[in-house]
Amino acid sequence: LPGMIVVGSFTVPLSTMIMFMEVNAWRNISLYKVIQTFLVGGCASLVATLMLFSIVGSHELNLIGAIVTGIVEEAGKAVIVFWFLSKMKRLSILVGLLIGASVGAGFAAFESAGYALQPVLAFFQSIIIRGFLAPGGHVTWAAISGAALVIAGKALRRFDTSLLTDKRFLRLFIIPVILHAAWDSPMSNIGSSIYLVPIALTVIVWIVVMILINMGLAEVERVTKRQ
């Protein structure tokens, strides 16, 4: 059972995170830093989320509850992503995606591991499904938030807490919030036998991620040409 918890919870989030590391054409973030962000950032984002939930309270996963959950969990991750990015000297869209994905992967892995407290049958179903759907969840949602912070920071030519309320950041940040809320809302029961809604939301989030990756690669090309 412990082995199943570790393998089921960590394999897919870690694999997705490594993909973002490979996409980072700058090659300026070490594997050690990525793993550190995964472990520390994942735990810290869970703590930040729990603190926010202690303020706003927990809700049933109806439409309102799903929206509150989306806002709270994405905000909790975004704050930790901001903290990690603020410690870096050179920021880029690809780095923002990587740091966001690392925090999101840690959040996803530790959250999934928590479901081990469920009855055994429900646990095995949950761990397999959550692993299968992980690339469309917390990892990519947080990656978008990381890229949004970098984009806003470059536009304002500074990187401080004012970014968290800047319209450039919020325009992108609202995407993972909406996707997260839709994932948790009653609408996810539509076509639940084939996981229609989560798969559709995964397709949508990867379209957004691919657009951001292309923006990041274009940024690399511009800088390379100037050198």
# chains A, B, ... in the order shown; residues from 1 in each chain; ligands from 1
>>> closest_atom_pairs(of="range 60-112 of chain A", to="range 4-22 of chain A", cutoff="12 Å", atoms="only C-alpha atoms", output="Markdown table")
| residue | atom | partner | partner_atom | distance |
| --- | --- | --- | --- | --- |
| A:Ile93 | CA | A:Phe20 | CA | 11.4 |
| A:Leu94 | CA | A:Phe20 | CA | 8.0 |
| A:Val95 | CA | A:Met21 | CA | 8.5 |
| A:Gly96 | CA | A:Phe20 | CA | 10.0 |
| A:Leu97 | CA | A:Phe20 | CA | 7.0 |
| A:Leu98 | CA | A:Phe20 | CA | 5.3 |
| A:Ile99 | CA | A:Phe20 | CA | 8.8 |
| A:Gly100 | CA | A:Met17 | CA | 9.2 |
| A:Ala101 | CA | A:Met17 | CA | 5.7 |
| A:Ser102 | CA | A:Met17 | CA | 5.7 |
| A:Val103 | CA | A:Met17 | CA | 9.1 |
| A:Gly104 | CA | A:Pro13 | CA | 8.2 |
| A:Ala105 | CA | A:Pro13 | CA | 4.8 |
| A:Gly106 | CA | A:Pro13 | CA | 7.5 |
| A:Phe107 | CA | A:Pro13 | CA | 9.1 |
| A:Ala108 | CA | A:Pro13 | CA | 6.8 |
| A:Ala109 | CA | A:Ser9 | CA | 4.8 |
| A:Phe110 | CA | A:Ser9 | CA | 7.1 |
| A:Glu111 | CA | A:Ser9 | CA | 8.1 |
| A:Ser112 | CA | A:Ser9 | CA | 5.3 |
>>> residues_around(residues="Gly70 in chain A", least_positions_apart="5", cutoff="8 Å", atoms="only C-alpha atoms", output="MDAnalysis selection string")
chainID A and resid 176:181
>>> closest_residue(among="A:Leu149, A:Val23, A:Glu73, A:Gly42", to="Val56 in chain A", atoms="only C-alpha atoms")
A:Glu73
>>> closest_residue(among="A:Ser145, A:Val197, A:Leu164, A:Arg157", to="Val209 in chain A", atoms="only C-alpha atoms")
A:Ser145
>>> atom_distance(atom1="CA of Asn28 in chain A", atom2="CA of Leu170 in chain A")
26.8 Å
>>> select_by_dssp(residues="range 54-169 of chain A", states="helix (DSSP H, G or I)", output="JSON, numbers by chain")
{"A": [54, 55, 56, 63, 64, 65, 66, 67, 68, 69, 70, 71, 72, 73, 74, 75, 76, 77, 78, 79, 80, 81, 82, 83, 84, 85, 86, 93, 94, 95, 96, 97, 98, 99, 100, 101, 102, 103, 104, 105, 106, 107, 108, 109, 110, 111, 112, 113, 114, 115, 116, 117, 120, 121, 122, 123, 124, 125, 126, 127, 128, 129, 130, 131, 132, 133, 134, 135, 136, 138, 139, 140, 141, 142, 143, 144, 145, 146, 147, 148, 149, 150, 151, 152, 153, 154, 155, 156, 161, 162, 163, 164, 165, 167, 168, 169]}
>>> atom_distance(atom1="CA of Ala200 in chain A", atom2="CA of Val81 in chain A")
25.9 Å
>>> atom_distance(atom1="CA of Trp183 in chain A", atom2="CA of Thr161 in chain A")
28.4 Å
>>> closest_residue(among="A:Leu172, A:Ala182, A:Ile35, A:Ile129", to="Ala142 in chain A", atoms="only C-alpha atoms")
A:Leu172
>>> closest_residue(among="A:Arg27, A:Val79, A:Lys33, A:Ala44", to="Asp160 in chain A", atoms="only C-alpha atoms")
A:Val79
>>> closest_residue(among="A:Leu1, A:Met215, A:Val34, A:Val72", to="Leu46 in chain A", atoms="only C-alpha atoms")
A:Val72
